[in-house]
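Asks: The structure's right below; bear with me while I get my questions together.
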Amino acid sequence: MTRYDVVVVGGGHNGLVCAAYLAKAGRSVLVLERRHVLGGAAVSEELYPGFTFSVASYVVSLFRPHIIRELDLARHGYHVIPMDCAFQPLHDGPGLARWTDYERTRREIAYFSRHDAEVYPEFSRVMTRMGQLAKVAIDHPPPVLGSLHPRDLRTMLRLRRAFRNLDPELQHLAVRLFTMSAADFLDLWFESPVLKGPLSASGIIGTFKGVRTPGTAYVLLHHYMGEIDGAFRSWGLSRGGTGSVSAACANAARAFGAEIRLSSPVAQVLLRNGRATGVVLDNGDEVEAKLVVSNLDPSSTLFGLVGKKHLPAATIKALSRYKYHGSSGKVNLALDSVPEFACRPGAGDHLRGDIAIAPDVGYLEQAYDEAKYGAFSRRPFINAVIPSLTDPSVAPPGKHVLSCFVQYAPYHLSEGAWEEQRDAFGDAVVDTLSEYAPGLREKILFRQVLTPWDLEQQFGLTEGNIFHGELSLEQLFFQRPTADLAHYRTPIRNLWLCGSGTHPGGGIMGASGELAAKAVLRSRHA
Amino acid sequence: MKAYDAIVIGAGLNGLTAAALLARAGWRILVIEQHNEVGGLAGPGILHDHGSLCTKLLAGLRLQDHGLELTRTAAPLHAATGAGERVTLSAEAPAGGLSPDDAEGYRQYRAVCSRTVPLFRKLLLRPVPQRKADFLMLLPCWRSAAARELLHLAPLSAKDFLDQFFVHDALKAALAVPSLQAMYGGPFAPFGALAILMHEAMRGQHVVGGLPALAGVLHEAAASHGVKTRTSTQAEEILVSKAGQACGVRLATGETIATRMVAAACSPKEVFGSLLRFGAQRHMFAWRTRHLRGRGTTAHMVLDAAAPALLPCTRIAPGLEALERSFDRLKRGELPDTFALEIAAGRKAAQLSVLAHCVPYRPKGGWTDAARSELTGRVMEQLLPHLPSTAQVSQLRTPADLENEYRIPGGHCYHLEQAPDQLLVRPVPNFASPVAGLFFCGSGAHPSGSVTCAPGALAARAMAAYQKPLGRLFRNNRHI
Ligand SMILES: Cc1cc2nc3c(=O)[nH]c(=O)nc-3n(C[C@H](O)[C@H](O)[C@H](O)COP(=O)(O)OP(=O)(O)OC[C@H]3O[C@@H](n4cnc5c(N)ncnc54)[C@H](O)[C@@H]3O)c2cc1C
Ligand SMILES: Cc1cc2nc3c(=O)[nH]c(=O)nc-3n(C[C@H](O)[C@H](O)[C@H](O)COP(=O)(O)OP(=O)(O)OC[C@H]3O[C@@H](n4cnc5c(N)ncnc54)[C@H](O)[C@@H]3O)c2cc1C
């Protein structure tokens, strides 16, 4: 039986990036994926003949450019097409479309508020400047709080330098940004509720928080950190669906010599004398390895694959308090023809970007208020894309794919079970969309509804949290997922974490995988 | 020559503190107050919890000589846990009347509180760290285990925080009350834990005779150092010279008084909203301050009723989820059905003073007589099991009334919400404003509201330090 240097449990994009880095450094690596496809939440599947869906995650922006370079992912098939527009249909008026072209955006916003149109470019400039600060944080491992190790001091100095590079007024704003609510933060700038709706919505994606909940403002920065082909761009669509991103990572890993096995669910991490020495598969096969790196979320890894009886009490206590609170669902539709929005008819360019149902801050807050007691929002926030308009390869000619990300759908329902409410939830989404796009229902050829419960079943995401744990301040940076697990290590020797539950957190970034691999390579045992 | 070294606007506890400390150092001070008595919010028996006075900062005033008396320990707090049932929570003694689980939870809760007290005191009872040296001085305390614990706990919501310790819902709700008072958010909102811990950190000895007594003592101490006070006098404008220096105050009567400096103990929102005229405010700063948040959600009531069992202080709250639902309604401008209530002795015998949290600043349709009696009716309903049936509301102050009466735009108890972005990184850094010679010394300044007198004391120090480089040497600066 071969003994690998490293076994990576889980073939999500972070696991694959991690495997690629480790293989590149000359380690023998085996990736074990539970499902028959790679990619985890970044996956493309043909759910209906001829239609390829980005089943879970659907847009790409934060993937770290240096990873693309270092792993040569472009050669392995990584290709992201930037989106030019963010469209917000409304019941009356022409709706609001924001374009990459500032002049065009200015005219659109001026329809609702002249003042907002004036300050919008300044707002974007300020956010982009502050985004650079956040980039420094996500591109490096978090410092150990209070440590005097040169590496940690360097990290602190780097952060300090980035902070000092902002002018004093922005420093002040940056500090406040981290604890403000998205709505309060936008109130500093804008007056039009129509503009604040979709802008604030980007602060709540994937979290179980409302736009007025403190701590949502900094998530807005995620929309100003995006880079595609080295240029600032917010979001883009991966050609062939987000699964292509994972496929590119997998190809890179294989090219460096890593081995990948599908349909190989891991049941347990093998322990000897409190150290990880390999894994056992569901079918009983054992694989031995010097190190085990887990792409699963921290609870699935430590409570599931290791077991509480092998863990120190402090770890159990801290990790039991780690919040998942999945709050998002997904509705994937195959359509007979392009959906048309009443406020802006036709299949124009405004449909090629992301389409948000977030008419104003009050609507979003109402959706949250309904959900926080354990029922899905009757009129939810929806973020939709029609990738087939930009990437015809994902649907037959003339037909389209509509991918809807939906909030809020709380994992814990106060009444009933998700299996019974799945269809009602799907209906609420289609009904909401139909209010803006009449005739949508008649165009639907196929519908897939994923509730948080389904996300847990299908992708192994605990409580259906799309980011492997809530992105709230006490669970980020040097505390992600908890203070003692924050550096990719676990209390079990030779067992490491590389999923989105580690710094810098969720989203298709590859950063957790990369930073974990680098931490592993720095350690004595690698 | 100017008649005064500084004019203090507002004779609340903080204004009086700053005035007394500066006068003691030899400054010629005038305090102006719109009401006909001093004390501000601490005057007419609105306030309940008067155990957070920072005696250390006031040591120089020798308040004992002017008649200040403090109890040895903090007064215990009661929490209603059901119709007629109460538990006693006190910092020193083990809690009475709790189930074993909750008693153990309370012990752990107190342990967390006492571990974080020194940190809060370090951060709050000195100016906001701004210079390198300040940060270096704080370094050792941030390397401590308590700091790590605080960093983890502070962002939690009141619910997540209290769920770690307690089982009984009404008990949790009672302990969550400080977060409802300090912030604009229900018990599910993040940073509730910060407000609770901060509140617990500042609690201590009580003032005998209540806060009006404290205001009287401060006033007397100030007068003994030569402070002049003009009551029933309202400031209308802070005058700023062409060079951008605060140089005087214009009163509502039209009279102007020249001064070298101005210390505003009133709400910063009032200063930026009406006392400073447009043009005196620089662009970026005006932008920062226009959006100071102070959305009040607390109303005050006086009840004609005797209920010794509820004294010295009882909190009645329906449970965390119910409170969150009340907050949802408030957000939408509706009047909730249930509130978080705090009950204490009123100013006269056979009177109770009641604070109701989760009250909208202004309900849809405004505070009409109908809306007011709706509010008192619902509060009475909630109080019914705890009160004699003859009880009656004799006075009601809604947040909008507090706004008018005390000139606190938004009507927030602490002048500004204690949101984390308005605490250490406050929009008004420390006490100085960009208008030279204009300082903040009220609850809107660091370390923010409640009856610590710390904003006043710290602001007095900052003002003295500001004067020094100008070459004016004050006799007793070091005592401030
Ligand atoms: C509905 C949805 C929409 C999203 N939208 C976006 C978006 O638009 N943009 C964006 O940037 N991010 C989005 N995200 C978030 C992003 O997709 C995730 O944060 C990211 O893909 C997580 O990657 P990962 O590699 O850390 O973990 P995962 O992708 O969760 O990978 C974990 C892998 O481990 C496998 N596994 C689980 N258990 C076992 C086992 N016992 N043995 C072996 N293998 C196992 C799983 O099958 C999976 O492949 C979305 C997520 C969801 C769910
Ligand atoms: C309903 C309520 C309950 C509270 N409960 C508690 C409690 O239980 N425990 C606790 O610790 N804290 C409590 N607080 C908070 C506490 O009252 C304040 O933080 C503190 O008393 C404020 O003192 P201050 O001196 O900063 O301001 P204030 O007391 O507000 O003093 C400001 C003074 O300035 C005057 N003024 C304003 N504008 C002008 C002008 N233009 N010209 C002249 N005068 C002016 C006002 O009349 C007022 O007297 C409560 C507050 C409220 C509203």
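By order in the structure tokens, chains are A, B, ...; within a chain, residues start at 1; ligands start at 1, following the order shown.
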Should the cut-off be 10 Å, what would the residue list for chain B against chain A look like, counting only C-alpha atoms, as a PDB file with N, CA, C and O atoms, in the first residue's frame?

Replies:
```pdb
ATOM      1  N   LEU B 139      -0.363  48.022  24.672  1.00  0.00           N
ATOM      2  CA  LEU B 139       0.063  46.733  24.136  1.00  0.00           C
ATOM      3  C   LEU B 139      -0.005  45.600  25.158  1.00  0.00           C
ATOM      4  O   LEU B 139      -0.586  44.554  24.874  1.00  0.00           O
ATOM      5  N   PRO B 140       0.588  45.793  26.348  1.00  0.00           N
ATOM      6  CA  PRO B 140       0.554  44.669  27.292  1.00  0.00           C
ATOM      7  C   PRO B 140      -0.862  44.220  27.604  1.00  0.00           C
ATOM      8  O   PRO B 140      -1.141  43.030  27.721  1.00  0.00           O
ATOM      9  N   CYS B 141      -1.786  45.169  27.693  1.00  0.00           N
ATOM     10  CA  CYS B 141      -3.126  44.744  28.072  1.00  0.00           C
ATOM     11  C   CYS B 141      -3.804  44.033  26.905  1.00  0.00           C
ATOM     12  O   CYS B 141      -4.632  43.163  27.103  1.00  0.00           O
ATOM     13  N   TRP B 142      -3.425  44.341  25.681  1.00  0.00           N
ATOM     14  CA  TRP B 142      -4.019  43.625  24.559  1.00  0.00           C
ATOM     15  C   TRP B 142      -3.398  42.269  24.325  1.00  0.00           C
ATOM     16  O   TRP B 142      -3.885  41.473  23.550  1.00  0.00           O
ATOM     17  N   ARG B 143      -2.281  42.007  24.996  1.00  0.00           N
ATOM     18  CA  ARG B 143      -1.718  40.663  24.844  1.00  0.00           C
ATOM     19  C   ARG B 143      -2.296  39.720  25.883  1.00  0.00           C
ATOM     20  O   ARG B 143      -1.985  38.546  25.901  1.00  0.00           O
ATOM     21  N   SER B 144      -3.146  40.218  26.749  1.00  0.00           N
ATOM     22  CA  SER B 144      -3.658  39.380  27.822  1.00  0.00           C
ATOM     23  C   SER B 144      -4.763  38.455  27.341  1.00  0.00           C
ATOM     24  O   SER B 144      -5.362  38.679  26.290  1.00  0.00           O
ATOM     25  N   ALA B 145      -5.021  37.427  28.130  1.00  0.00           N
ATOM     26  CA  ALA B 145      -6.071  36.479  27.790  1.00  0.00           C
ATOM     27  C   ALA B 145      -7.433  37.169  27.833  1.00  0.00           C
ATOM     28  O   ALA B 145      -8.323  36.876  27.030  1.00  0.00           O
ATOM     29  N   ALA B 147      -8.139  40.169  26.990  1.00  0.00           N
ATOM     30  CA  ALA B 147      -8.345  40.922  25.758  1.00  0.00           C
ATOM     31  C   ALA B 147      -8.840  40.000  24.657  1.00  0.00           C
ATOM     32  O   ALA B 147      -9.744  40.328  23.898  1.00  0.00           O
ATOM     33  N   ARG B 148      -8.235  38.822  24.606  1.00  0.00           N
ATOM     34  CA  ARG B 148      -8.663  37.872  23.582  1.00  0.00           C
ATOM     35  C   ARG B 148     -10.123  37.481  23.801  1.00  0.00           C
ATOM     36  O   ARG B 148     -10.892  37.378  22.862  1.00  0.00           O
ATOM     37  N   GLU B 149     -10.453  37.294  25.049  1.00  0.00           N
ATOM     38  CA  GLU B 149     -11.828  36.932  25.375  1.00  0.00           C
ATOM     39  C   GLU B 149     -12.781  38.062  24.954  1.00  0.00           C
ATOM     40  O   GLU B 149     -13.812  37.833  24.340  1.00  0.00           O
ATOM     41  N   LEU B 150     -12.385  39.282  25.244  1.00  0.00           N
ATOM     42  CA  LEU B 150     -13.232  40.421  24.910  1.00  0.00           C
ATOM     43  C   LEU B 150     -13.402  40.559  23.397  1.00  0.00           C
ATOM     44  O   LEU B 150     -14.502  40.800  22.909  1.00  0.00           O
ATOM     45  N   LEU B 151     -12.314  40.369  22.671  1.00  0.00           N
ATOM     46  CA  LEU B 151     -12.406  40.475  21.209  1.00  0.00           C
ATOM     47  C   LEU B 151     -13.393  39.466  20.666  1.00  0.00           C
ATOM     48  O   LEU B 151     -14.075  39.709  19.677  1.00  0.00           O
ATOM     49  N   HIS B 152     -13.453  38.319  21.318  1.00  0.00           N
ATOM     50  CA  HIS B 152     -14.375  37.305  20.841  1.00  0.00           C
ATOM     51  C   HIS B 152     -15.811  37.601  21.273  1.00  0.00           C
ATOM     52  O   HIS B 152     -16.744  37.395  20.502  1.00  0.00           O
ATOM     53  N   LEU B 153     -15.961  38.110  22.489  1.00  0.00           N
ATOM     54  CA  LEU B 153     -17.318  38.297  23.007  1.00  0.00           C
ATOM     55  C   LEU B 153     -17.983  39.566  22.491  1.00  0.00           C
ATOM     56  O   LEU B 153     -19.174  39.581  22.204  1.00  0.00           O
ATOM     57  N   ALA B 154     -17.220  40.649  22.387  1.00  0.00           N
ATOM     58  CA  ALA B 154     -17.821  41.954  22.102  1.00  0.00           C
ATOM     59  C   ALA B 154     -18.731  41.962  20.872  1.00  0.00           C
ATOM     60  O   ALA B 154     -19.801  42.565  20.918  1.00  0.00           O
ATOM     61  N   PRO B 155     -18.350  41.321  19.765  1.00  0.00           N
ATOM     62  CA  PRO B 155     -19.237  41.415  18.601  1.00  0.00           C
ATOM     63  C   PRO B 155     -20.510  40.585  18.707  1.00  0.00           C
ATOM     64  O   PRO B 155     -21.356  40.668  17.823  1.00  0.00           O
ATOM     65  N   LEU B 156     -20.656  39.780  19.750  1.00  0.00           N
ATOM     66  CA  LEU B 156     -21.850  38.927  19.823  1.00  0.00           C
ATOM     67  C   LEU B 156     -23.097  39.766  20.079  1.00  0.00           C
ATOM     68  O   LEU B 156     -23.037  40.854  20.651  1.00  0.00           O
ATOM     69  N   SER B 157     -24.222  39.221  19.674  1.00  0.00           N
ATOM     70  CA  SER B 157     -25.487  39.859  20.024  1.00  0.00           C
ATOM     71  C   SER B 157     -25.778  39.559  21.484  1.00  0.00           C
ATOM     72  O   SER B 157     -25.219  38.624  22.059  1.00  0.00           O
ATOM     73  N   ASP B 160     -26.838  35.865  21.673  1.00  0.00           N
ATOM     74  CA  ASP B 160     -25.772  34.860  21.605  1.00  0.00           C
ATOM     75  C   ASP B 160     -24.927  34.878  22.870  1.00  0.00           C
ATOM     76  O   ASP B 160     -24.476  33.836  23.344  1.00  0.00           O
ATOM     77  N   GLN B 164     -25.116  31.809  26.277  1.00  0.00           N
ATOM     78  CA  GLN B 164     -23.998  31.000  26.760  1.00  0.00           C
ATOM     79  C   GLN B 164     -24.114  30.710  28.254  1.00  0.00           C
ATOM     80  O   GLN B 164     -23.503  29.773  28.743  1.00  0.00           O
ATOM     81  N   TYR B 184     -29.043  51.133  18.925  1.00  0.00           N
ATOM     82  CA  TYR B 184     -30.267  51.067  18.165  1.00  0.00           C
ATOM     83  C   TYR B 184     -30.308  49.666  17.566  1.00  0.00           C
ATOM     84  O   TYR B 184     -29.758  49.421  16.493  1.00  0.00           O
ATOM     85  N   GLY B 185     -30.904  48.738  18.272  1.00  0.00           N
ATOM     86  CA  GLY B 185     -30.943  47.366  17.788  1.00  0.00           C
ATOM     87  C   GLY B 185     -31.591  46.489  18.831  1.00  0.00           C
ATOM     88  O   GLY B 185     -31.553  46.794  20.024  1.00  0.00           O
ATOM     89  N   GLY B 186     -32.192  45.410  18.390  1.00  0.00           N
ATOM     90  CA  GLY B 186     -32.836  44.480  19.309  1.00  0.00           C
ATOM     91  C   GLY B 186     -31.805  43.522  19.888  1.00  0.00           C
ATOM     92  O   GLY B 186     -30.616  43.650  19.620  1.00  0.00           O
ATOM     93  N   PHE B 188     -31.106  40.646  19.068  1.00  0.00           N
ATOM     94  CA  PHE B 188     -30.432  39.794  18.090  1.00  0.00           C
ATOM     95  C   PHE B 188     -29.310  40.551  17.376  1.00  0.00           C
ATOM     96  O   PHE B 188     -28.609  39.986  16.551  1.00  0.00           O
ATOM     97  N   ALA B 189     -29.181  41.833  17.636  1.00  0.00           N
ATOM     98  CA  ALA B 189     -28.219  42.632  16.877  1.00  0.00           C
ATOM     99  C   ALA B 189     -26.814  42.479  17.441  1.00  0.00           C
ATOM    100  O   ALA B 189     -26.627  42.492  18.655  1.00  0.00           O
ATOM    101  N   PRO B 190     -25.817  42.321  16.566  1.00  0.00           N
ATOM    102  CA  PRO B 190     -24.443  42.185  17.035  1.00  0.00           C
ATOM    103  C   PRO B 190     -24.023  43.360  17.914  1.00  0.00           C
ATOM    104  O   PRO B 190     -24.602  44.440  17.832  1.00  0.00           O
ATOM    105  N   PHE B 191     -23.026  43.132  18.718  1.00  0.00           N
ATOM    106  CA  PHE B 191     -22.438  44.124  19.623  1.00  0.00           C
ATOM    107  C   PHE B 191     -23.292  44.425  20.844  1.00  0.00           C
ATOM    108  O   PHE B 191     -22.940  45.283  21.634  1.00  0.00           O
ATOM    109  N   MET B 284     -15.264  67.972   4.962  1.00  0.00           N
ATOM    110  CA  MET B 284     -15.226  66.552   5.316  1.00  0.00           C
ATOM    111  C   MET B 284     -15.808  66.331   6.711  1.00  0.00           C
ATOM    112  O   MET B 284     -16.479  65.357   6.972  1.00  0.00           O
ATOM    113  N   PHE B 285     -15.508  67.276   7.591  1.00  0.00           N
ATOM    114  CA  PHE B 285     -15.971  67.084   8.946  1.00  0.00           C
ATOM    115  C   PHE B 285     -17.482  67.224   9.040  1.00  0.00           C
ATOM    116  O   PHE B 285     -18.150  66.466   9.743  1.00  0.00           O
ATOM    117  N   TRP B 287     -19.456  66.438   6.823  1.00  0.00           N
ATOM    118  CA  TRP B 287     -19.980  65.207   6.253  1.00  0.00           C
ATOM    119  C   TRP B 287     -19.993  64.095   7.293  1.00  0.00           C
ATOM    120  O   TRP B 287     -20.943  63.348   7.434  1.00  0.00           O
ATOM    121  N   ARG B 288     -18.905  64.045   8.054  1.00  0.00           N
ATOM    122  CA  ARG B 288     -18.799  63.027   9.098  1.00  0.00           C
ATOM    123  C   ARG B 288     -19.864  63.215  10.169  1.00  0.00           C
ATOM    124  O   ARG B 288     -20.402  62.261  10.689  1.00  0.00           O
ATOM    125  N   THR B 289     -20.095  64.457  10.518  1.00  0.00           N
ATOM    126  CA  THR B 289     -20.936  64.713  11.672  1.00  0.00           C
ATOM    127  C   THR B 289     -22.416  64.770  11.323  1.00  0.00           C
ATOM    128  O   THR B 289     -23.248  64.559  12.182  1.00  0.00           O
ATOM    129  N   ARG B 290     -22.702  65.028  10.078  1.00  0.00           N
ATOM    130  CA  ARG B 290     -24.107  65.075   9.686  1.00  0.00           C
ATOM    131  C   ARG B 290     -24.760  63.724   9.993  1.00  0.00           C
ATOM    132  O   ARG B 290     -25.941  63.621  10.229  1.00  0.00           O
ATOM    133  N   HIS B 291     -23.946  62.690   9.961  1.00  0.00           N
ATOM    134  CA  HIS B 291     -24.514  61.353  10.088  1.00  0.00           C
ATOM    135  C   HIS B 291     -24.252  60.718  11.439  1.00  0.00           C
ATOM    136  O   HIS B 291     -24.296  59.504  11.558  1.00  0.00           O
ATOM    137  N   LEU B 292     -23.973  61.507  12.434  1.00  0.00           N
ATOM    138  CA  LEU B 292     -23.917  60.961  13.783  1.00  0.00           C
ATOM    139  C   LEU B 292     -25.267  60.328  14.064  1.00  0.00           C
ATOM    140  O   LEU B 292     -26.299  60.909  13.745  1.00  0.00           O
ATOM    141  N   ARG B 293     -25.270  59.146  14.670  1.00  0.00           N
ATOM    142  CA  ARG B 293     -26.547  58.481  14.898  1.00  0.00           C
ATOM    143  C   ARG B 293     -26.948  58.560  16.365  1.00  0.00           C
ATOM    144  O   ARG B 293     -26.154  58.235  17.244  1.00  0.00           O
ATOM    145  N   GLU B 321     -36.884  36.895  22.264  1.00  0.00           N
ATOM    146  CA  GLU B 321     -37.521  36.923  20.949  1.00  0.00           C
ATOM    147  C   GLU B 321     -38.634  37.962  20.930  1.00  0.00           C
ATOM    148  O   GLU B 321     -38.804  38.689  19.952  1.00  0.00           O
ATOM    149  N   GLU B 324     -37.137  41.271  20.445  1.00  0.00           N
ATOM    150  CA  GLU B 324     -36.692  41.472  19.065  1.00  0.00           C
ATOM    151  C   GLU B 324     -37.896  41.821  18.188  1.00  0.00           C
ATOM    152  O   GLU B 324     -37.833  42.689  17.332  1.00  0.00           O
ATOM    153  N   ARG B 325     -39.012  41.149  18.442  1.00  0.00           N
ATOM    154  CA  ARG B 325     -40.216  41.461  17.666  1.00  0.00           C
ATOM    155  C   ARG B 325     -40.685  42.882  17.951  1.00  0.00           C
ATOM    156  O   ARG B 325     -41.149  43.589  17.053  1.00  0.00           O
ATOM    157  N   ASP B 328     -38.594  45.084  15.921  1.00  0.00           N
ATOM    158  CA  ASP B 328     -39.005  45.081  14.503  1.00  0.00           C
ATOM    159  C   ASP B 328     -40.113  46.098  14.276  1.00  0.00           C
ATOM    160  O   ASP B 328     -40.118  46.824  13.283  1.00  0.00           O
ATOM    161  N   ARG B 329     -41.058  46.121  15.200  1.00  0.00           N
ATOM    162  CA  ARG B 329     -42.197  47.030  15.026  1.00  0.00           C
ATOM    163  C   ARG B 329     -41.745  48.472  15.167  1.00  0.00           C
ATOM    164  O   ARG B 329     -42.170  49.338  14.409  1.00  0.00           O
ATOM    165  N   LYS B 331     -38.893  49.650  14.438  1.00  0.00           N
ATOM    166  CA  LYS B 331     -38.176  50.006  13.208  1.00  0.00           C
ATOM    167  C   LYS B 331     -39.136  50.481  12.133  1.00  0.00           C
ATOM    168  O   LYS B 331     -38.839  51.359  11.347  1.00  0.00           O
ATOM    169  N   ARG B 332     -40.289  49.850  12.103  1.00  0.00           N
ATOM    170  CA  ARG B 332     -41.274  50.211  11.076  1.00  0.00           C
ATOM    171  C   ARG B 332     -42.155  51.371  11.515  1.00  0.00           C
ATOM    172  O   ARG B 332     -43.127  51.698  10.858  1.00  0.00           O
ATOM    173  N   ALA B 419     -22.897  52.676  19.385  1.00  0.00           N
ATOM    174  CA  ALA B 419     -22.503  51.683  18.390  1.00  0.00           C
ATOM    175  C   ALA B 419     -20.979  51.668  18.373  1.00  0.00           C
ATOM    176  O   ALA B 419     -20.364  52.690  18.659  1.00  0.00           O
ATOM    177  N   PRO B 420     -20.384  50.510  18.044  1.00  0.00           N
ATOM    178  CA  PRO B 420     -18.920  50.465  18.128  1.00  0.00           C
ATOM    179  C   PRO B 420     -18.248  51.534  17.262  1.00  0.00           C
ATOM    180  O   PRO B 420     -17.189  52.021  17.618  1.00  0.00           O
ATOM    181  N   ASP B 421     -18.867  51.893  16.158  1.00  0.00           N
ATOM    182  CA  ASP B 421     -18.212  52.902  15.317  1.00  0.00           C
ATOM    183  C   ASP B 421     -18.422  54.310  15.859  1.00  0.00           C
ATOM    184  O   ASP B 421     -17.937  55.274  15.288  1.00  0.00           O
ATOM    185  N   GLN B 422     -19.160  54.422  16.941  1.00  0.00           N
ATOM    186  CA  GLN B 422     -19.291  55.730  17.572  1.00  0.00           C
ATOM    187  C   GLN B 422     -18.658  55.722  18.964  1.00  0.00           C
ATOM    188  O   GLN B 422     -18.879  56.622  19.754  1.00  0.00           O
ATOM    189  N   LEU B 423     -17.906  54.659  19.259  1.00  0.00           N
ATOM    190  CA  LEU B 423     -17.231  54.628  20.558  1.00  0.00           C
ATOM    191  C   LEU B 423     -15.790  55.112  20.399  1.00  0.00           C
ATOM    192  O   LEU B 423     -15.559  56.292  20.240  1.00  0.00           O
ATOM    193  N   LEU B 424     -14.838  54.181  20.409  1.00  0.00           N
ATOM    194  CA  LEU B 424     -13.447  54.638  20.361  1.00  0.00           C
ATOM    195  C   LEU B 424     -13.137  55.442  19.106  1.00  0.00           C
ATOM    196  O   LEU B 424     -12.478  56.465  19.158  1.00  0.00           O
ATOM    197  N   VAL B 425     -13.625  54.964  17.976  1.00  0.00           N
ATOM    198  CA  VAL B 425     -13.374  55.690  16.725  1.00  0.00           C
ATOM    199  C   VAL B 425     -14.489  56.688  16.504  1.00  0.00           C
ATOM    200  O   VAL B 425     -15.097  56.716  15.456  1.00  0.00           O
ATOM    201  N   ARG B 426     -14.768  57.490  17.484  1.00  0.00           N
ATOM    202  CA  ARG B 426     -15.924  58.359  17.338  1.00  0.00           C
ATOM    203  C   ARG B 426     -15.674  59.422  16.275  1.00  0.00           C
ATOM    204  O   ARG B 426     -14.557  59.810  16.001  1.00  0.00           O
ATOM    205  N   PRO B 427     -16.759  59.885  15.680  1.00  0.00           N
ATOM    206  CA  PRO B 427     -16.645  60.902  14.646  1.00  0.00           C
ATOM    207  C   PRO B 427     -16.013  62.178  15.192  1.00  0.00           C
ATOM    208  O   PRO B 427     -15.429  62.945  14.449  1.00  0.00           O
ATOM    209  N   PRO B 429     -13.168  62.996  17.314  1.00  0.00           N
ATOM    210  CA  PRO B 429     -12.085  62.288  17.976  1.00  0.00           C
ATOM    211  C   PRO B 429     -11.808  62.942  19.313  1.00  0.00           C
ATOM    212  O   PRO B 429     -11.601  64.151  19.387  1.00  0.00           O
TER     213      PRO B 429
END
```

Asks: Do you know which residues are within 6 Å of ligand 2 using only C-alpha atoms and all ligand atoms? Can you write them as a short mmCIF file (atom, residue, chain, number, x, y, z; two decimals) with C-alpha atoms, in the first residue's frame?

Replies:
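Final output, part-v6.cif:
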```
data_model
loop_
_atom_site.label_atom_id
_atom_site.label_comp_id
_atom_site.auth_asym_id
_atom_site.auth_seq_id
_atom_site.Cartn_x
_atom_site.Cartn_y
_atom_site.Cartn_z
CA ILE B 9 -23.01 74.92 27.47
CA GLY B 10 -25.28 72.69 29.54
CA ALA B 11 -25.31 72.09 33.28
CA GLY B 12 -25.72 68.33 33.18
CA LEU B 13 -23.40 66.18 35.28
CA ASN B 14 -20.69 66.35 32.68
CA GLY B 15 -20.87 70.07 32.11
CA ILE B 32 -25.18 78.29 30.86
CA GLU B 33 -28.22 76.08 31.17
CA GLN B 34 -31.57 76.46 29.47
CA HIS B 35 -33.55 74.97 32.35
CA GLY B 39 -28.50 68.54 36.58
CA GLY B 40 -29.73 68.02 33.03
CA LEU B 41 -31.03 64.51 32.59
CA ALA B 42 -29.87 63.74 36.11
CA ILE B 46 -35.40 60.21 35.26
CA LEU B 47 -32.28 58.17 35.87
CA HIS B 48 -32.18 54.89 37.72
CA ASP B 49 -28.81 53.36 37.79
CA HIS B 50 -26.53 55.84 39.42
CA THR B 233 -30.35 80.80 29.63
CA GLN B 234 -30.23 79.17 26.26
CA ALA B 235 -27.29 79.20 23.89
CA GLU B 236 -28.33 79.92 20.33
CA ALA B 265 -21.85 69.53 27.23
CA CYS B 266 -24.96 69.27 25.14
CA THR B 298 -36.39 54.92 25.49
CA ALA B 299 -39.36 56.65 27.08
CA HIS B 300 -39.71 57.75 30.68
CA TYR B 406 -33.18 68.52 26.63
CA ARG B 407 -32.32 69.44 23.05
CA CYS B 413 -30.36 58.55 26.25
CA TYR B 414 -26.63 58.84 25.68
CA GLY B 442 -20.96 65.76 27.39
CA SER B 443 -22.23 62.24 26.87
CA GLY B 449 -23.11 58.31 28.09
CA SER B 450 -24.25 57.20 31.53
CA VAL B 451 -23.44 58.95 34.76
#
```

Asks: Report as a count of residues only all protein, DNA and RNA residues lying within 12 Å of Pro345 (chain A), evaluated on only C-alpha atoms, omitting residues in the same chain fewer than 2 positions from it.

Replies: 18

Asks: Rounded to one decimal in Å, what is the spacing between CA of His76 (chain A) and CA of Val394 (chain A)?

Replies: 19.2 Å

Asks: What are the DSSP strand (DSSP E) residues of region 293-389 of chain B, as a VMD selection string?

Replies: chain B and resid 298 to 304 313 to 316 340 to 345 351 to 357

Asks: Need the shell around Ser90 (chain B): protein/DNA/RNA residues with any atom at most 12 Å away, counting only C-alpha atoms. Skip same-chain ones fewer than 6 positions apart. Format as a list in words?

Replies: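 Counting only C-alpha atoms, the residues come to Thr73, Ala74, Ala75, Pro76, Leu77, His78, Ala79, Gly96, Gly97, Ala103, Tyr106, Arg107, Tyr109, Arg110, Leu175, Glu200, Arg203, Gly204, Pro312, Cys313 and Thr314 of chain B.
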